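Here the structure is laid out as structure tokens; the discussion comes afterwards.
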Amino acid sequence: MTVPDAAAAALKRARRVAVLTGAGVSRESGISTFRGSGGHWWKRDPMKLDTAEAFRKDPRLMWEWYTDRRAGALAALPNPGHEAVARLEAAYDDVAVLTQNMDGLHQRAGSTRVLELHGNITGIRCGACGPAPSPPSPPPGGWGGLPPTCGRCGGMLMPDVVWYGEPLPAGVWEEATRAALSCDAMVVAGTSLAVSPANTLPEMAKSAGAALLEVNPEETPMSGMMDASIRDTAGAALPRLAELALSLKGAAG
Ligand code: APR
């Protein structure tokens with residue numbers, strides 16, 4: 001896979017890089033995507049299932065679905081794509097990872113500045129009074145049972161993820177927009193850019209003068225605004241980009 005000249009020039013010029021990632025980056029860790037050629041979890045539309053109202057309507061189904069997804073995330077390992085994103089930190093003054101993924105794999109790969117736009121599937125929060133003091137151990141029947149209740153207020157505990165229609169975690173969105181507006185290059189990898197407000201970050205970066213580099217085997221509705229598109233998987237393309245950035249910046253080990 002050759003890196004397009006526009007991408008190489010952007011990586012050479014950049015000092016601050018933002019990496020916006022989606023489910024496609026975790027696909028090679030065995031975690032399914034939601035759209036595109038990937039499968040749906042449980043063959044359901046996440047836009048209909050990942051809502052606070054769906055949770056209240058059928059908490060047991062939601063806990064079973066999330067138990068499945070949490071187990072998948074905890075069993076998964078970072079892949080070369082995640083590791084490459086972490087290696088970028090040796091080439092640039094600032095690398096902000098703005099991820100829509102909830103699996104924690106960027107952190108486990110070594111990235112030190114990860115903004116989880118949609119929360120983290122291994123966390124637990126109370127639907128009524130806020131973050132659970134600490135993820136409680138599974139109830140005797142395991143998480144597959146009825147949702148556990150909050151020890152503080154008796155409210156329903158739920159996965160610490162952002163439901164559709166809910167605001168993103170306080171402070172995370174502000175920091176993500178700051179990163180988008182201050183980066184010189186944004187790598188947009190493994191995302192269909194179907195969900196807002198995450199899908200407004202590339203536009204924000206571009207409006208502030210950043211180059212947009214897309215890594216996705218498929219086109220997305222926003223491919224037209226990219227300065228360079230690499231039609232390859234994250235596991236193949238991101239290591240190439242990291243290797244190039246490190247050599248261009250003379251930081252190669
Ligand atoms: N490498 C890179 N990209 C890939 C790969 C791969 N190996 N495999 C698939 N893709 C691409 C697909 O072409 C698609 O464009 O990854 C993208 C995955 O898109 P989605 O499944 O829509 O995932 P994402 O963009 O992260 O979804 C955003 O939607 O349901 C919500 O909360 C959920 O955070 C998620 C949000």
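In the structure tokens, the first chain shown is A, the next is B, and so on; residue numbers restart at 1 for each chain, and ligands run from 1 in the order shown.
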Give me every alpha helix (DSSP H) residue in stretch 39-217 of chain A, going by DSSP on the backbone, as a PyMOL selection string.
-> chain A and resi 46-49+52-57+59-75+80-87+105-109+172-182+201-207
Selection within 6 Å of ligand 1 by only C-alpha atoms and all ligand atoms, output as a PyMOL selection string = chain A and resi 22-25+27-28+33-36+38+46-47+100-101+189-195+216-218+233-234
Report the closest atom pair, with its distance in Å rounded to one decimal, for each residue of stretch 220-253 of chain A that has an atom no farther than 10 Å from stretch 168-188 of chain A; count only C-alpha atoms, sort by chain and then rising residue number, and write it as a tab-separated table.
residue	atom	partner	partner_atom	distance
A:Ser223	CA	A:Val188	CA	9.9
A:Met226	CA	A:Val188	CA	8.9
A:Asp227	CA	A:Ala185	CA	9.9
A:Ala228	CA	A:Val187	CA	9.6
A:Ser229	CA	A:Val188	CA	9.2
A:Leu238	CA	A:Val187	CA	9.2
A:Leu241	CA	A:Val187	CA	9.5
Selection: 7 Å around A:Gly119, only C-alpha atoms, excl. self and same-chain fewer than 6 positions, as a ChimeraX atom specification | /A:102,160-162
Using the selection just defined, write its residues with N, CA and C atoms as an mmCIF file, in the first residue's frame.
data_model
loop_
_atom_site.group_PDB
_atom_site.id
_atom_site.type_symbol
_atom_site.label_atom_id
_atom_site.label_comp_id
_atom_site.auth_asym_id
_atom_site.auth_seq_id
_atom_site.Cartn_x
_atom_site.Cartn_y
_atom_site.Cartn_z
ATOM 1 N N MET A 102 -15.919 2.009 22.362
ATOM 2 C CA MET A 102 -16.116 1.935 23.816
ATOM 3 C C MET A 102 -15.311 0.794 24.420
ATOM 4 N N ASP A 160 -21.792 2.318 31.105
ATOM 5 C CA ASP A 160 -21.383 3.733 31.098
ATOM 6 C C ASP A 160 -21.126 4.184 29.655
ATOM 7 N N VAL A 161 -22.168 4.067 28.831
ATOM 8 C CA VAL A 161 -22.052 4.474 27.429
ATOM 9 C C VAL A 161 -23.065 5.580 27.148
ATOM 10 N N VAL A 162 -22.868 6.294 26.067
ATOM 11 C CA VAL A 162 -23.757 7.400 25.707
ATOM 12 C C VAL A 162 -24.876 6.854 24.831
#
Which residues come within 12 Å of A:Arg15, counting only C-alpha atoms, excluding same-chain residues fewer than 2 positions away, as an NGL selection string?
-> :A and (10-13 or 17-18 or 88-96 or 182-186 or 210-211 or 245 or 248-249)
Would you output that residue set with N, CA and C atoms, as an mmCIF file, in the first residue's frame?
data_model
loop_
_atom_site.group_PDB
_atom_site.id
_atom_site.type_symbol
_atom_site.label_atom_id
_atom_site.label_comp_id
_atom_site.auth_asym_id
_atom_site.auth_seq_id
_atom_site.Cartn_x
_atom_site.Cartn_y
_atom_site.Cartn_z
ATOM 1 N N ALA A 10 1.149 16.050 4.535
ATOM 2 C CA ALA A 10 0.419 16.500 5.739
ATOM 3 C C ALA A 10 1.097 15.976 7.003
ATOM 4 N N LEU A 11 1.532 14.712 6.950
ATOM 5 C CA LEU A 11 2.189 14.132 8.125
ATOM 6 C C LEU A 11 3.524 14.815 8.391
ATOM 7 N N LYS A 12 4.197 15.224 7.304
ATOM 8 C CA LYS A 12 5.514 15.886 7.466
ATOM 9 C C LYS A 12 5.335 17.270 8.095
ATOM 10 N N ARG A 13 4.300 17.959 7.644
ATOM 11 C CA ARG A 13 4.060 19.353 8.073
ATOM 12 C C ARG A 13 3.491 19.405 9.495
ATOM 13 N N VAL A 17 -1.570 16.243 15.919
ATOM 14 C CA VAL A 17 -2.392 15.306 15.134
ATOM 15 C C VAL A 17 -3.583 14.854 15.978
ATOM 16 N N ALA A 18 -4.757 14.787 15.313
ATOM 17 C CA ALA A 18 -5.930 14.177 15.961
ATOM 18 C C ALA A 18 -6.258 12.912 15.172
ATOM 19 N N LEU A 88 2.314 6.935 17.091
ATOM 20 C CA LEU A 88 2.349 8.313 16.547
ATOM 21 C C LEU A 88 2.826 9.300 17.614
ATOM 22 N N GLU A 89 2.642 8.955 18.873
ATOM 23 C CA GLU A 89 2.986 9.904 19.952
ATOM 24 C C GLU A 89 4.485 10.184 19.982
ATOM 25 N N ALA A 90 5.277 9.280 19.380
ATOM 26 C CA ALA A 90 6.740 9.516 19.366
ATOM 27 C C ALA A 90 7.118 10.485 18.246
ATOM 28 N N ALA A 91 6.153 10.752 17.356
ATOM 29 C CA ALA A 91 6.496 11.600 16.195
ATOM 30 C C ALA A 91 5.951 13.016 16.340
ATOM 31 N N TYR A 92 4.959 13.217 17.204
ATOM 32 C CA TYR A 92 4.310 14.539 17.254
ATOM 33 C C TYR A 92 4.250 15.095 18.678
ATOM 34 N N ASP A 93 4.168 16.434 18.739
ATOM 35 C CA ASP A 93 4.078 17.081 20.062
ATOM 36 C C ASP A 93 2.791 16.672 20.766
ATOM 37 N N ASP A 94 1.735 16.490 19.947
ATOM 38 C CA ASP A 94 0.449 16.214 20.581
ATOM 39 C C ASP A 94 -0.370 15.292 19.681
ATOM 40 N N VAL A 95 -0.813 14.175 20.228
ATOM 41 C CA VAL A 95 -1.694 13.254 19.492
ATOM 42 C C VAL A 95 -2.934 13.031 20.351
ATOM 43 N N ALA A 96 -4.082 13.487 19.819
ATOM 44 C CA ALA A 96 -5.339 13.288 20.558
ATOM 45 C C ALA A 96 -6.129 12.215 19.825
ATOM 46 N N SER A 182 -7.476 22.496 16.768
ATOM 47 C CA SER A 182 -6.066 22.901 16.923
ATOM 48 C C SER A 182 -5.103 21.944 16.212
ATOM 49 N N CYS A 183 -5.628 20.860 15.626
ATOM 50 C CA CYS A 183 -4.689 19.915 14.992
ATOM 51 C C CYS A 183 -4.307 20.407 13.596
ATOM 52 N N ASP A 184 -3.149 19.920 13.114
ATOM 53 C CA ASP A 184 -2.725 20.261 11.749
ATOM 54 C C ASP A 184 -3.151 19.170 10.772
ATOM 55 N N ALA A 185 -3.350 17.962 11.332
ATOM 56 C CA ALA A 185 -3.807 16.843 10.493
ATOM 57 C C ALA A 185 -4.734 15.978 11.342
ATOM 58 N N MET A 186 -5.813 15.517 10.707
ATOM 59 C CA MET A 186 -6.729 14.585 11.395
ATOM 60 C C MET A 186 -6.794 13.305 10.560
ATOM 61 N N ALA A 210 -6.816 22.090 8.997
ATOM 62 C CA ALA A 210 -6.133 20.780 9.093
ATOM 63 C C ALA A 210 -6.340 19.981 7.806
ATOM 64 N N ALA A 211 -5.383 19.087 7.536
ATOM 65 C CA ALA A 211 -5.538 18.138 6.419
ATOM 66 C C ALA A 211 -6.282 16.920 6.961
ATOM 67 N N ALA A 245 5.382 8.623 9.340
ATOM 68 C CA ALA A 245 5.447 9.814 10.216
ATOM 69 C C ALA A 245 6.716 9.780 11.059
ATOM 70 N N LEU A 248 9.653 10.544 8.787
ATOM 71 C CA LEU A 248 9.647 11.955 8.348
ATOM 72 C C LEU A 248 10.046 12.883 9.493
ATOM 73 N N LYS A 249 9.689 12.460 10.698
ATOM 74 C CA LYS A 249 9.975 13.313 11.850
ATOM 75 C C LYS A 249 11.271 12.891 12.526
#
Which neighbours of A:Thr67 fall inside 10 Å, counting only C-alpha atoms, when residues of the same chain fewer than 2 positions from it are skipped, and could you give them as number ranges by chain?
-> A: 61-65, 69-73, 121-122, 142-144, 159
Contact residues around A:Gly130 with only C-alpha atoms at 10 Å, ignoring same-chain residues under 5 positions, as a tab-separated table (two decimals) with all heavy atoms, in the first residue's frame:
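Everything below was put into around06.tsv:
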chain	number	residue	atom	x	y	z
A	124	ILE	N	-19.75	1.31	34.45
A	124	ILE	CA	-21.17	1.21	34.86
A	124	ILE	C	-21.58	2.58	35.41
A	124	ILE	O	-20.77	3.24	36.06
A	124	ILE	CB	-21.32	0.17	36.01
A	124	ILE	CG1	-20.75	-1.18	35.61
A	124	ILE	CG2	-22.78	0.08	36.45
A	124	ILE	CD1	-21.65	-2.07	34.84
A	125	ARG	N	-22.79	3.02	35.14
A	125	ARG	CA	-23.26	4.26	35.76
A	125	ARG	C	-24.70	4.06	36.21
A	125	ARG	O	-25.39	3.14	35.74
A	125	ARG	CB	-23.15	5.44	34.80
A	125	ARG	CG	-24.08	5.38	33.58
A	125	ARG	CD	-23.87	6.56	32.65
A	125	ARG	NE	-24.43	6.35	31.34
A	125	ARG	CZ	-25.57	6.91	30.90
A	125	ARG	NH1	-26.25	7.70	31.71
A	125	ARG	NH2	-26.02	6.69	29.68
A	150	CYS	N	-28.72	0.79	41.88
A	150	CYS	CA	-27.68	1.64	42.46
A	150	CYS	C	-27.73	1.56	43.99
A	150	CYS	O	-28.81	1.69	44.60
A	150	CYS	CB	-27.94	3.09	42.00
A	150	CYS	SG	-26.91	4.30	42.82
A	152	ARG	N	-26.65	3.71	45.94
A	152	ARG	CA	-26.88	5.05	46.52
A	152	ARG	C	-28.36	5.42	46.48
A	152	ARG	O	-28.93	5.83	47.48
A	152	ARG	CB	-26.11	6.12	45.72
A	152	ARG	CG	-24.69	6.38	46.13
A	152	ARG	CD	-24.18	7.65	45.45
A	152	ARG	NE	-24.32	7.57	43.99
A	152	ARG	CZ	-23.30	7.25	43.18
A	152	ARG	NH1	-22.13	6.98	43.69
A	152	ARG	NH2	-23.47	7.20	41.87
A	153	CYS	N	-28.96	5.27	45.27
A	153	CYS	CA	-30.31	5.84	45.14
A	153	CYS	C	-31.35	4.81	44.69
A	153	CYS	O	-32.52	5.13	44.52
A	153	CYS	CB	-30.29	7.01	44.15
A	153	CYS	SG	-30.13	6.45	42.44
A	155	GLY	N	-31.60	3.61	41.80
A	155	GLY	CA	-31.88	3.72	40.36
A	155	GLY	C	-31.29	2.54	39.60
A	155	GLY	O	-30.54	1.73	40.16
A	157	LEU	N	-28.82	0.62	37.31
A	157	LEU	CA	-27.44	0.74	36.80
A	157	LEU	C	-27.44	0.37	35.33
A	157	LEU	O	-28.23	-0.47	34.89
A	157	LEU	CB	-26.51	-0.19	37.58
A	157	LEU	CG	-26.27	0.17	39.05
A	157	LEU	CD1	-25.24	-0.80	39.66
A	157	LEU	CD2	-25.79	1.61	39.20
A	160	ASP	N	-21.79	2.32	31.10
A	160	ASP	CA	-21.38	3.73	31.10
A	160	ASP	C	-21.13	4.18	29.65
A	160	ASP	O	-20.02	4.59	29.29
A	160	ASP	CB	-20.11	3.91	31.94
A	160	ASP	CG	-19.81	5.39	32.16
A	160	ASP	OD1	-20.71	6.21	31.89
A	160	ASP	OD2	-18.68	5.72	32.55
Find the residues near A:Met225: any atom within 9 Å, counting only C-alpha atoms, skip ones fewer than 5 places away on the same chain, and give them as a PyMOL selection string.
-> chain A and resi 202-203+206+212
